[in-house]
file start_38.cif (mmCIF, C-alpha atoms)
data_upload
#
loop_
_atom_site.label_atom_id
_atom_site.label_comp_id
_atom_site.auth_asym_id
_atom_site.auth_seq_id
_atom_site.Cartn_x
_atom_site.Cartn_y
_atom_site.Cartn_z
CA MET A 28 74.48 55.09 138.28
CA ILE A 29 74.88 55.10 134.48
CA LYS A 30 72.13 53.44 132.47
CA ALA A 31 73.11 50.98 129.78
CA SER A 32 71.64 53.31 127.14
CA GLN A 33 73.58 56.31 128.45
CA GLY A 34 76.79 57.78 127.16
CA ILE A 35 79.13 60.01 129.14
CA ILE A 36 80.03 63.67 128.60
CA ILE A 37 83.09 64.96 130.43
CA ILE A 38 83.63 68.73 130.56
CA ARG A 39 86.87 70.19 131.91
CA ALA A 40 87.74 73.77 132.86
CA GLY A 41 91.26 75.08 132.28
CA HIS A 42 93.60 76.79 134.73
CA GLN A 43 93.13 80.23 133.17
CA HIS A 44 89.83 81.93 134.03
CA ASP A 45 89.02 82.69 130.39
CA ALA A 46 90.06 79.29 129.02
CA ALA A 47 87.49 77.44 126.94
CA PHE A 48 85.79 74.40 128.47
CA LEU A 49 86.90 71.20 126.76
CA TRP A 50 84.36 68.39 126.27
CA PHE A 51 84.82 64.68 125.65
CA TYR A 52 81.88 62.47 124.69
CA ARG A 53 81.62 58.70 124.58
CA SER A 54 78.37 57.42 123.10
CA PRO A 55 76.54 54.31 124.39
CA GLN A 56 78.01 52.46 121.40
CA GLY A 57 81.56 53.43 122.43
CA ASP A 58 82.14 56.12 119.78
CA TYR A 59 84.46 58.88 121.05
CA PHE A 60 84.34 62.62 120.22
CA ALA A 61 86.06 65.71 121.65
CA GLY A 62 85.99 69.47 121.20
CA SER A 63 85.61 72.87 122.86
CA LEU A 64 82.35 74.42 124.05
CA ASP A 65 83.44 77.71 122.46
CA ASP A 66 83.83 76.10 119.04
CA ILE A 67 80.98 73.58 118.91
CA VAL A 68 77.55 73.90 120.53
CA LEU A 69 76.39 70.42 121.51
CA PRO A 70 72.65 69.66 121.24
CA LYS A 71 70.97 70.15 124.63
CA ARG A 72 69.35 66.72 124.36
CA LEU A 73 72.82 65.18 124.71
CA PHE A 74 73.09 66.67 128.21
CA ARG A 75 69.64 65.34 129.14
CA GLU A 76 70.24 61.84 127.80
CA ASN A 77 73.82 61.27 129.00
CA LYS A 78 75.78 61.33 132.23
CA VAL A 79 77.51 64.74 132.57
CA ILE A 80 80.72 64.98 134.62
CA PHE A 81 82.51 68.28 135.21
CA LEU A 82 86.24 68.22 136.00
CA MET A 83 88.00 71.11 137.76
CA PRO A 84 91.70 71.88 137.10
CA SER A 85 93.74 70.63 140.05
CA SER A 86 96.01 73.68 139.77
CA ARG A 87 93.08 75.67 141.21
CA LEU A 88 92.42 73.23 144.06
CA LEU A 89 93.95 72.64 147.46
CA PHE A 90 95.02 69.06 148.20
CA CYS A 91 96.24 68.36 151.73
CA ASP A 92 96.50 65.73 154.46
CA ILE A 93 95.18 66.81 157.87
CA ALA A 94 95.84 64.95 161.10
CA ALA A 95 92.70 64.82 163.26
CA ALA A 96 92.87 61.55 165.20
CA ASN A 97 91.17 63.19 168.19
CA LEU A 98 88.07 64.14 166.19
CA LYS A 99 85.26 61.65 165.62
CA LYS A 100 83.72 61.96 162.14
CA PRO A 101 84.81 65.59 161.59
CA SER A 102 83.19 67.68 158.88
CA LEU A 103 85.21 69.13 156.02
CA GLN A 104 84.99 72.62 157.52
CA THR A 105 86.24 71.37 160.88
CA LEU A 106 89.25 69.78 159.19
CA ILE A 107 90.08 72.89 157.17
CA TRP A 108 90.01 75.01 160.32
CA GLN A 109 92.85 72.84 161.63
CA ILE A 110 95.13 74.37 158.96
CA GLU A 111 93.55 77.84 158.65
CA SER A 112 96.85 79.58 159.48
CA GLU A 113 98.46 77.93 156.43
CA LEU A 114 95.74 78.86 153.94
CA LEU A 115 95.82 81.63 151.36
CA SER A 116 92.28 82.64 152.32
CA GLU A 117 89.84 82.11 155.19
CA ALA A 118 88.57 78.58 155.79
CA GLU A 119 84.90 79.50 155.32
CA SER A 120 85.62 80.67 151.75
CA LEU A 121 86.52 77.08 150.71
CA HIS A 122 84.27 74.24 149.59
CA GLY A 123 85.40 70.67 149.15
CA VAL A 124 85.21 67.00 150.06
CA ILE A 125 87.02 64.44 152.20
CA LEU A 126 88.73 62.03 149.78
CA GLY A 127 89.88 59.47 152.31
CA ARG A 128 90.95 58.60 155.86
CA ASP A 129 93.86 56.52 157.12
CA ASN A 130 94.67 56.18 160.85
CA GLY A 131 93.38 59.62 161.79
CA GLN A 132 94.91 61.27 158.70
CA TYR A 133 92.32 62.84 156.39
CA SER A 134 92.92 63.58 152.70
CA VAL A 135 91.03 66.71 151.65
CA ALA A 136 90.44 68.54 148.36
CA ALA A 137 88.97 72.07 148.38
CA VAL A 138 88.30 74.97 146.02
CA GLU A 139 87.39 78.64 146.44
CA LYS A 140 83.60 78.91 146.61
CA GLN A 141 83.49 81.97 144.35
CA LEU A 142 85.54 80.26 141.64
CA PHE A 143 83.44 77.08 141.88
CA ALA A 144 80.24 79.15 141.58
CA ARG A 145 81.61 80.92 138.48
CA TRP A 146 82.33 77.58 136.78
CA LEU A 147 78.83 76.31 137.54
CA GLU A 148 77.33 79.58 136.27
CA ARG A 149 79.23 79.23 132.97
CA LEU A 150 77.77 75.75 132.61
CA ARG A 151 74.28 77.00 133.50
CA GLN A 152 74.49 79.72 130.84
CA ALA A 153 75.36 76.99 128.33
CA GLY A 154 72.29 75.02 129.44
CA ILE A 155 74.33 72.35 131.24
CA THR A 156 73.67 70.90 134.69
CA PRO A 157 76.42 68.45 135.72
CA ASP A 158 75.54 65.22 137.52
CA ALA A 159 78.85 65.23 139.41
CA VAL A 160 81.96 67.42 139.83
CA TYR A 161 85.48 66.12 140.57
CA PRO A 162 89.13 67.24 140.54
CA ASP A 163 90.46 66.37 137.09
CA VAL A 164 93.34 64.21 138.35
CA LEU A 165 90.90 61.80 140.03
CA ALA A 166 89.69 60.79 136.56
CA LEU A 167 93.14 59.34 135.84
CA PRO A 168 94.44 55.93 136.94
CA CYS A 169 96.96 56.10 139.80
CA HIS A 170 100.52 56.88 138.67
CA ALA A 171 99.39 58.14 135.25
CA ALA A 172 99.73 61.34 133.22
CA ILE A 173 98.09 62.88 130.15
CA LYS A 174 98.27 66.23 128.38
CA LEU A 175 95.07 68.21 127.75
CA GLY A 176 95.68 71.23 125.54
CA GLU A 177 98.69 72.99 127.10
CA GLU A 178 98.35 71.41 130.56
CA TRP A 179 99.66 68.17 132.02
CA LEU A 180 97.53 66.19 134.47
CA VAL A 181 99.38 63.80 136.78
CA ARG A 182 97.92 61.50 139.45
CA TYR A 183 100.64 60.14 141.71
CA GLY A 184 98.50 58.68 144.50
CA PRO A 185 94.91 57.74 145.38
CA THR A 186 94.21 61.30 146.59
CA LYS A 187 97.18 63.21 145.14
CA GLY A 188 97.80 64.90 141.83
CA LEU A 189 98.92 68.05 140.06
CA CYS A 190 98.09 70.09 137.00
CA ALA A 191 100.82 72.20 135.37
CA SER A 192 101.94 73.72 132.09
CA GLU A 193 104.88 72.07 130.37
CA THR A 194 107.15 74.94 131.49
CA TYR A 195 106.71 74.18 135.20
CA LEU A 196 105.93 70.45 135.06
CA ALA A 197 109.44 69.21 135.92
CA LEU A 198 109.85 71.74 138.77
CA LEU A 199 106.50 70.95 140.40
CA TRP A 200 106.99 67.20 139.91
CA ASP A 201 110.36 67.42 141.66
CA LYS A 202 108.66 69.07 144.66
CA THR A 203 106.33 66.06 145.08
CA GLN A 204 109.39 63.87 145.84
CA ASN A 205 107.53 60.98 144.18
CA THR A 206 109.71 58.10 142.97
CA ALA A 207 107.07 55.65 141.67
CA PRO A 208 106.97 55.10 137.87
CA VAL A 209 104.41 57.16 135.94
CA ARG A 210 102.65 55.87 132.83
CA CYS A 211 102.36 58.66 130.28
CA PHE A 212 99.36 58.32 127.92
CA SER A 213 100.37 61.32 125.77
CA ALA A 214 103.33 61.73 123.43
CA PRO A 215 106.08 62.77 123.51
CA VAL A 216 106.91 61.67 127.06
CA PRO A 217 108.51 64.49 129.10
CA ALA A 218 112.17 63.96 130.02
CA ILE A 219 111.44 63.20 133.68
CA ALA A 220 113.04 60.31 135.54
CA GLY A 221 110.64 57.42 136.07
CA TRP A 222 108.14 58.49 133.39
CA GLU A 223 107.51 55.80 130.80
CA ALA A 224 105.44 55.62 127.63
CA ALA A 225 101.99 54.00 127.70
CA PRO A 226 99.69 53.42 124.70
CA VAL A 227 98.68 56.87 123.48
CA CYS A 228 94.95 57.32 124.07
CA THR A 229 94.71 61.06 124.85
CA ALA A 230 91.68 61.98 126.95
CA SER A 231 89.84 58.70 126.39
CA VAL A 232 91.62 57.38 129.50
CA LEU A 233 89.39 59.72 131.55
CA PHE A 234 86.40 57.46 130.89
CA ASP A 235 88.00 54.30 132.28
CA THR A 236 88.65 55.35 135.90
CA PRO A 237 85.78 54.87 138.41
CA LEU A 238 84.81 58.11 140.15
CA LEU A 239 83.23 57.69 143.59
CA PRO A 240 79.92 59.52 144.22
CA GLU A 241 81.13 60.63 147.67
CA HIS A 242 84.00 62.53 146.04
CA SER A 243 81.68 64.78 144.03
CA PHE A 244 81.76 68.49 144.96
CA LEU A 245 77.98 68.90 144.43
CA THR A 246 77.22 68.99 148.15
CA SER A 247 76.02 71.49 150.74
CA GLU A 248 75.01 74.79 149.14
CA PHE A 249 76.04 73.51 145.68
CA GLN A 250 73.75 70.47 145.78
CA PRO A 251 71.23 70.58 142.90
CA ARG A 252 67.69 71.24 144.00
CA PRO A 253 65.27 68.54 142.77
CA ALA A 254 62.53 69.80 140.52
CA LEU A 255 58.97 69.60 141.83
CA THR A 256 56.72 67.00 140.22
CA ARG A 257 53.30 68.10 139.05
CA LEU A 258 51.62 66.40 142.01
CA ALA A 259 54.02 67.94 144.51
CA GLY A 260 53.54 71.32 142.90
CA PHE A 261 49.75 70.98 143.10
CA LYS A 262 49.92 70.01 146.78
CA ALA A 263 52.20 72.95 147.49
CA LEU A 264 49.71 75.27 145.78
CA ILE A 265 46.77 73.94 147.88
CA ILE A 266 48.69 74.19 151.14
CA GLY A 267 49.97 77.66 150.31
CA SER A 268 46.45 78.87 149.46
CA ALA A 269 45.05 77.46 152.73
CA VAL A 270 47.75 79.10 154.83
CA SER A 271 47.26 82.42 153.05
CA ALA A 272 43.51 82.34 153.67
CA LEU A 273 44.06 81.54 157.35
CA LEU A 274 46.47 84.41 157.78
CA LEU A 275 44.17 86.88 156.07
CA ALA A 276 41.12 85.79 158.06
CA GLY A 277 42.36 85.24 161.59
CA LEU A 278 45.94 86.36 162.24
CA PRO A 279 46.35 90.04 161.32
CA PHE A 280 46.63 91.09 164.99
CA PHE A 281 49.52 88.75 165.67
CA GLU A 282 51.69 89.62 162.67
CA ALA A 283 53.97 92.04 164.49
CA TYR A 284 54.39 89.74 167.51
CA SER A 285 55.04 86.71 165.31
CA ALA A 286 57.60 88.56 163.22
CA MET A 287 59.49 89.74 166.31
CA ARG A 288 59.48 86.24 167.82
CA GLN A 289 60.68 84.64 164.61
CA ALA A 290 63.42 87.22 164.24
CA SER A 291 64.59 86.53 167.80
CA GLN A 292 64.57 82.76 167.22
CA LEU A 293 66.46 83.08 163.96
CA GLU A 294 69.01 85.36 165.61
CA ASN A 295 69.57 82.82 168.40
CA GLN A 296 69.84 79.94 165.95
CA ALA A 297 72.25 81.88 163.75
CA ARG A 298 74.37 82.82 166.76
CA GLN A 299 74.49 79.18 167.94
CA GLN A 300 75.45 78.02 164.46
CA ALA A 301 78.13 80.71 164.12
CA GLY A 302 79.43 79.96 167.62
CA SER A 303 79.99 76.31 166.68
CA HIS A 304 82.27 77.48 163.84
CA PHE A 305 83.89 80.61 165.31
CA SER A 306 85.17 80.28 168.86
CA SER A 307 86.10 83.98 168.85
CA LEU A 308 82.48 85.16 168.39
CA PRO A 309 81.82 87.90 171.01
CA GLU A 310 78.62 87.54 173.05
CA ARG A 311 77.24 91.08 172.98
CA VAL A 312 78.24 92.18 169.49
CA PRO A 313 75.44 91.95 166.85
CA LEU A 314 76.06 88.85 164.76
CA ARG A 315 75.47 90.52 161.40
CA ALA A 316 77.91 93.37 162.10
CA TRP A 317 80.58 90.92 163.30
CA LEU A 318 80.19 88.66 160.23
CA GLU A 319 80.26 91.66 157.85
CA GLN A 320 83.49 92.86 159.46
CA LYS A 321 85.04 89.37 159.20
CA LEU A 322 83.91 89.06 155.56
CA SER A 323 85.38 92.48 154.80
CA ARG A 324 88.73 91.39 156.19
CA SER A 325 88.54 88.19 154.19
CA SER A 326 87.72 90.04 150.96
CA ALA A 327 90.61 92.43 151.53
CA ALA A 328 93.09 89.55 151.88
CA SER A 329 95.56 89.11 149.07
CA SER A 330 94.88 86.40 146.51
CA TYR A 331 98.54 86.18 145.49
CA GLY A 332 99.19 82.49 146.12
CA LEU A 333 101.91 79.88 146.15
CA HIS A 334 101.39 78.96 142.49
CA ALA A 335 101.93 82.58 141.36
CA MET A 336 104.96 82.91 143.66
CA LEU A 337 106.57 79.82 142.10
CA GLU A 338 105.86 81.11 138.60
CA LYS A 339 107.51 84.50 139.28
CA SER A 340 110.55 82.97 140.94
CA TYR A 341 111.00 80.08 138.48
CA PRO A 342 113.94 81.68 136.56
CA LEU A 343 115.85 81.88 139.86
CA LEU A 344 114.87 78.39 141.06
CA ALA A 345 115.87 76.90 137.71
CA GLN A 346 119.45 78.14 138.29
CA ILE A 347 119.77 76.15 141.54
CA HIS A 348 121.38 72.97 140.23
CA GLN A 349 123.20 71.85 143.37
CA GLY A 350 122.07 70.88 146.87
CA GLN A 351 119.03 69.38 148.54
CA THR A 352 115.78 70.99 149.69
CA GLU A 353 115.36 70.11 153.38
CA ALA A 354 112.30 72.27 154.07
CA LEU A 355 109.79 74.43 152.25
CA THR A 356 107.36 76.71 154.07
CA TRP A 357 104.67 79.08 152.81
CA ASP A 358 103.41 81.89 155.05
CA SER A 359 100.23 83.18 153.41
CA GLU A 360 99.85 86.00 155.95
CA GLN A 361 103.33 87.39 155.32
CA GLN A 362 103.29 86.28 151.64
CA THR A 363 106.66 84.60 152.13
CA LEU A 364 108.07 81.40 150.59
CA THR A 365 111.11 79.94 152.37
CA PHE A 366 113.43 77.11 151.22
CA THR A 367 116.05 75.53 153.49
CA LEU A 368 118.82 74.17 151.23
CA ALA A 369 121.75 71.92 152.22
CA ASP A 370 125.11 71.73 150.37
CA THR A 371 123.93 74.18 147.74
CA GLN A 372 126.10 76.08 145.28
CA PRO A 373 128.38 78.86 146.64
CA ASP A 374 127.06 81.52 144.25
CA LEU A 375 123.44 81.28 145.53
CA PRO A 376 123.65 84.52 147.62
CA GLY A 377 124.83 86.35 144.50
CA LEU A 378 122.05 84.87 142.37
CA ALA A 379 119.47 85.89 144.98
CA SER A 380 120.74 89.45 145.39
CA GLY A 381 120.87 89.92 141.61
CA TYR A 382 117.38 88.55 140.96
CA ALA A 383 115.09 91.45 140.12
CA VAL A 384 111.40 90.85 139.49
CA GLU A 385 108.74 93.46 140.20
CA GLY A 386 106.82 92.62 143.36
CA LEU A 387 109.36 90.14 144.81
CA LEU A 388 112.20 90.50 147.30
CA VAL A 389 114.72 87.62 147.38
CA GLN A 390 117.31 86.97 150.09
CA ALA A 391 119.78 84.13 150.73
CA GLU A 392 120.85 83.80 154.37
CA PRO A 393 123.72 81.40 155.27
CA GLN A 394 122.88 79.06 158.18
CA LYS A 395 124.82 76.59 160.29
CA ARG A 396 126.14 73.27 158.92
CA LYS A 397 126.50 74.44 155.29
CA ARG A 398 122.84 75.37 154.94
CA VAL A 399 121.29 78.37 153.22
CA ARG A 400 117.83 79.76 153.79
CA LEU A 401 116.35 81.19 150.57
CA ILE A 402 113.57 83.69 151.31
CA ILE A 403 111.20 84.92 148.59
CA ARG A 404 108.82 87.61 149.83
CA ARG A 405 106.09 89.54 148.09
CA VAL A 406 106.36 93.34 148.42
CA ASN A 407 103.88 96.08 147.52
CA ASP A 408 104.04 97.29 143.94
CA GLU A 409 104.54 100.80 145.28
CA GLY A 410 107.83 99.63 146.75
#

call {"tool": "encode", "arguments": {"input": "start_38.cif", "output": "structure tokens"}}
result
Amino acid sequence: MIKASQGIIIIRAGHQHDAAFLWFYRSPQGDYFAGSLDDIVLPKRLFRENKVIFLMPSSRLLFCDIAAANLKKPSLQTLIWQIESELLSEAESLHGVILGRDNGQYSVAAVEKQLFARWLERLRQAGITPDAVYPDVLALPCHAAIKLGEEWLVRYGPTKGLCASETYLALLWDKTQNTAPVRCFSAPVPAIAGWEAAPVCTASVLFDTPLLPEHSFLTSEFQPRPALTRLAGFKALIIGSAVSALLLAGLPFFEAYSAMRQASQLENQARQQAGSHFSSLPERVPLRAWLEQKLSRSSAASSYGLHAMLEKSYPLLAQIHQGQTEALTWDSEQQTLTFTLADTQPDLPGLASGYAVEGLLVQAEPQKRKRVRLIIRRVNDEG
């Protein structure tokens, strides 16, 4: 809840890891300011006195719809496990929120935990603790677009959006297959069918869209810990002193037994908790060794994702000016992107065989009924 005397500070991270954080400030009187945290150091009192919202670039997030009609009030992790085979990384490495539900279909947004933690650490080092964290596109009205720096933000549905550079905007927008008109609040308006000019107001439009508290990413392990009041701290000190005195006076003979019992209880609790998440957990294998092995496999997995694959293959895709995309599949395990194209141009096999980019292998395989399957596969740099 924003107090009447409060302003709002919005901070947004860019797609690139080293990109400066942009900030936008609206004072309680309605004055509007903007800048970069690398260029201007805002007084720390502004972050104490105003609502602070952090926006993550949607190009670094996963947005998906997951069918789970047979599950009653599923958790985010349970939903993500439903699509684990389609992910670029293991489900437990993601953190996110459920944006909505419609007839057993859940809309989910998720981000890599390590990347999310790095963003929060950069804010912490700047002396900033956000009150809420959201995907940047949710701060836009539905069917709207703006340009921040070199990146376009587009929200084309209540729980759908994209973030892209101008180079790839038209290509990625075409893949959404969205036909509804889009109001563009930045000028000039890109030459995309259905996009129309709206009054130019740059990033100030971010302040006018309600953001729901339940959509904030500050949950679970990323939930801020409330500071102790003086009274609570004093009570904690008294209780801690009493317990310490009791242990020193009467319990030295039971320390070893108590430690062993607690360790056994914690092991059982941890195994039960892990078993509820991992059905493949073996019974007689030590839990810690099994988790370390699973984490090692997860860390070794490639981070080369769909976005990077599209960027590398864009010069080829831009030459496909005829036909219709009937299917698009992404196999994260095999690092393979496959398009099924109907009525495409006859020279596509030649374009594919002549496309040479380090790290990619491209093939065009003719199919029945005038269809061509275009396969783009990642190969080891060594060849």

call {"tool": "residues_near_point", "arguments": {"input": "start_38.cif", "point": "(95.1, 55.4, 126.7)", "cutoff": "12 Å", "atoms": "all atoms listed in the file", "output": "list of chain:residue names"}}
result
A:Leu167, A:Pro168, A:Ala171, A:Ala172, A:Ile173, A:Lys174, A:Arg210, A:Cys211, A:Phe212, A:Ser213, A:Ala214, A:Ala224, A:Ala225, A:Pro226, A:Val227, A:Cys228, A:Thr229, A:Ala230, A:Ser231, A:Val232, A:Leu233, A:Phe234, A:Asp235, A:Thr236

call {"tool": "residues_around", "arguments": {"input": "start_38.cif", "residues": "A:Leu106", "least_positions_apart": "5", "cutoff": "8 Å", "atoms": "all atoms listed in the file", "output": "number ranges by chain"}}
result
A: 93, 95, 101

call {"tool": "resolve_selection", "arguments": {"input": "start_38.cif", "expression": "the PyMOL selection byres ((chain A and resi 91) around 7)", "output": "VMD selection string"}}
result
chain A and resid 89 to 90 92 to 93 134 to 136

call {"tool": "atom_distance", "arguments": {"input": "start_38.cif", "atom1": "atom CA of A:Thr105", "atom2": "atom CA of A:Glu117"}}
result
12.7 Å

call {"tool": "residues_around", "arguments": {"input": "start_38.cif", "residues": "A:Ala354", "least_positions_apart": "3", "cutoff": "10 Å", "atoms": "all atoms listed in the file", "output": "PyMOL selection string"}}
result
chain A and resi 351+365-369+400

call {"tool": "residues_around", "arguments": {"input": "start_38.cif", "residues": "stretch 55-63 of chain A", "least_positions_apart": "5", "cutoff": "10 Å", "atoms": "all atoms listed in the file", "output": "number ranges by chain"}}
result
A: 30-39, 46-50, 68-69, 77, 230-231

call {"tool": "write_last_selection", "arguments": {"input": "start_38.cif", "atoms": "C-alpha atoms", "output": "PDB file, keeping the file's coordinate frame"}}
result
ATOM      1  CA  LYS A  30      72.130  53.440 132.470  1.00  0.00           C
ATOM      2  CA  ALA A  31      73.110  50.980 129.780  1.00  0.00           C
ATOM      3  CA  SER A  32      71.640  53.310 127.140  1.00  0.00           C
ATOM      4  CA  GLN A  33      73.580  56.310 128.450  1.00  0.00           C
ATOM      5  CA  GLY A  34      76.790  57.780 127.160  1.00  0.00           C
ATOM      6  CA  ILE A  35      79.130  60.010 129.140  1.00  0.00           C
ATOM      7  CA  ILE A  36      80.030  63.670 128.600  1.00  0.00           C
ATOM      8  CA  ILE A  37      83.090  64.960 130.430  1.00  0.00           C
ATOM      9  CA  ILE A  38      83.630  68.730 130.560  1.00  0.00           C
ATOM     10  CA  ARG A  39      86.870  70.190 131.910  1.00  0.00           C
ATOM     11  CA  ALA A  46      90.060  79.290 129.020  1.00  0.00           C
ATOM     12  CA  ALA A  47      87.490  77.440 126.940  1.00  0.00           C
ATOM     13  CA  PHE A  48      85.790  74.400 128.470  1.00  0.00           C
ATOM     14  CA  LEU A  49      86.900  71.200 126.760  1.00  0.00           C
ATOM     15  CA  TRP A  50      84.360  68.390 126.270  1.00  0.00           C
ATOM     16  CA  VAL A  68      77.550  73.900 120.530  1.00  0.00           C
ATOM     17  CA  LEU A  69      76.390  70.420 121.510  1.00  0.00           C
ATOM     18  CA  ASN A  77      73.820  61.270 129.000  1.00  0.00           C
ATOM     19  CA  ALA A 230      91.680  61.980 126.950  1.00  0.00           C
ATOM     20  CA  SER A 231      89.840  58.700 126.390  1.00  0.00           C
TER      21      SER A 231
END

call {"tool": "resolve_selection", "arguments": {"input": "start_38.cif", "expression": "the PyMOL selection byres ((chain A and resi 334) around 12)", "output": "list in words"}}
result
His42, Ser85, Ser86, Arg87, Leu88, Leu89, Leu115, Leu189, Cys190, Ala191, Ser192, Tyr195, Leu198, Leu199, Ser330, Tyr331, Gly332, Leu333, Ala335, Met336, Leu337, Glu338, Lys339, Ser340, Tyr341, Trp357, Ser359, Gln362 and Leu364 of chain A

call {"tool": "closest_residue", "arguments": {"input": "start_38.cif", "among": "A:Ile125, A:Ala218, A:Asn97, A:Pro393", "to": "A:Pro240", "atoms": "all atoms listed in the file"}}
result
A:Ile125

call {"tool": "atom_distance", "arguments": {"input": "start_38.cif", "atom1": "atom CA of A:Leu344", "atom2": "atom CA of A:Thr363"}}
result
15.1 Å

call {"tool": "atom_distance", "arguments": {"input": "start_38.cif", "atom1": "atom CA of A:Glu223", "atom2": "atom CA of A:Asp201"}}
result
16.2 Å

call {"tool": "build_atoms", "arguments": {"input": "start_38.cif", "residues": "stretch 339-359 of chain A", "atoms": "N, CA and C atoms", "output": "compact mmCIF listing (two decimals), keeping the file's coordinate frame"}}
result
# COMPACT_ATOMS: atom_id res chain seq x y z
N LYS A 339 106.67 83.30 139.37
CA LYS A 339 107.51 84.50 139.28
C LYS A 339 108.97 84.20 139.61
N SER A 340 109.18 83.25 140.51
CA SER A 340 110.55 82.97 140.94
C SER A 340 111.17 81.79 140.18
N TYR A 341 110.49 81.25 139.19
CA TYR A 341 111.00 80.08 138.48
C TYR A 341 112.37 80.31 137.83
N PRO A 342 112.60 81.48 137.16
CA PRO A 342 113.94 81.68 136.56
C PRO A 342 115.06 81.56 137.58
N LEU A 343 114.83 82.02 138.82
CA LEU A 343 115.85 81.88 139.86
C LEU A 343 115.98 80.42 140.31
N LEU A 344 114.84 79.77 140.58
CA LEU A 344 114.87 78.39 141.06
C LEU A 344 115.50 77.45 140.03
N ALA A 345 115.30 77.76 138.75
CA ALA A 345 115.87 76.90 137.71
C ALA A 345 117.39 76.96 137.68
N GLN A 346 117.99 78.02 138.26
CA GLN A 346 119.45 78.14 138.29
C GLN A 346 120.08 77.41 139.48
N ILE A 347 119.24 76.89 140.39
CA ILE A 347 119.77 76.15 141.54
C ILE A 347 119.93 74.68 141.13
N HIS A 348 121.14 74.32 140.76
CA HIS A 348 121.38 72.97 140.23
C HIS A 348 122.20 72.12 141.19
N GLN A 349 122.38 72.60 142.42
CA GLN A 349 123.20 71.85 143.37
C GLN A 349 122.56 71.94 144.74
N GLY A 350 122.59 70.86 145.50
CA GLY A 350 122.07 70.88 146.87
C GLY A 350 120.77 70.11 147.00
N GLN A 351 120.25 70.14 148.21
CA GLN A 351 119.03 69.38 148.54
C GLN A 351 118.08 70.27 149.33
N THR A 352 116.79 70.21 148.98
CA THR A 352 115.78 70.99 149.69
C THR A 352 115.37 70.22 150.95
N GLU A 353 115.71 70.77 152.12
CA GLU A 353 115.36 70.11 153.38
C GLU A 353 114.00 70.56 153.90
N ALA A 354 113.59 71.77 153.57
CA ALA A 354 112.30 72.27 154.07
C ALA A 354 111.78 73.34 153.14
N LEU A 355 110.46 73.40 153.04
CA LEU A 355 109.79 74.43 152.25
C LEU A 355 108.58 74.89 153.03
N THR A 356 108.50 76.17 153.32
CA THR A 356 107.36 76.71 154.07
C THR A 356 106.74 77.86 153.31
N TRP A 357 105.43 77.99 153.44
CA TRP A 357 104.67 79.08 152.81
C TRP A 357 103.85 79.79 153.88
N ASP A 358 104.13 81.06 154.08
CA ASP A 358 103.41 81.89 155.05
C ASP A 358 102.47 82.80 154.27
N SER A 359 101.19 82.41 154.21
CA SER A 359 100.23 83.18 153.41
C SER A 359 99.98 84.56 153.99
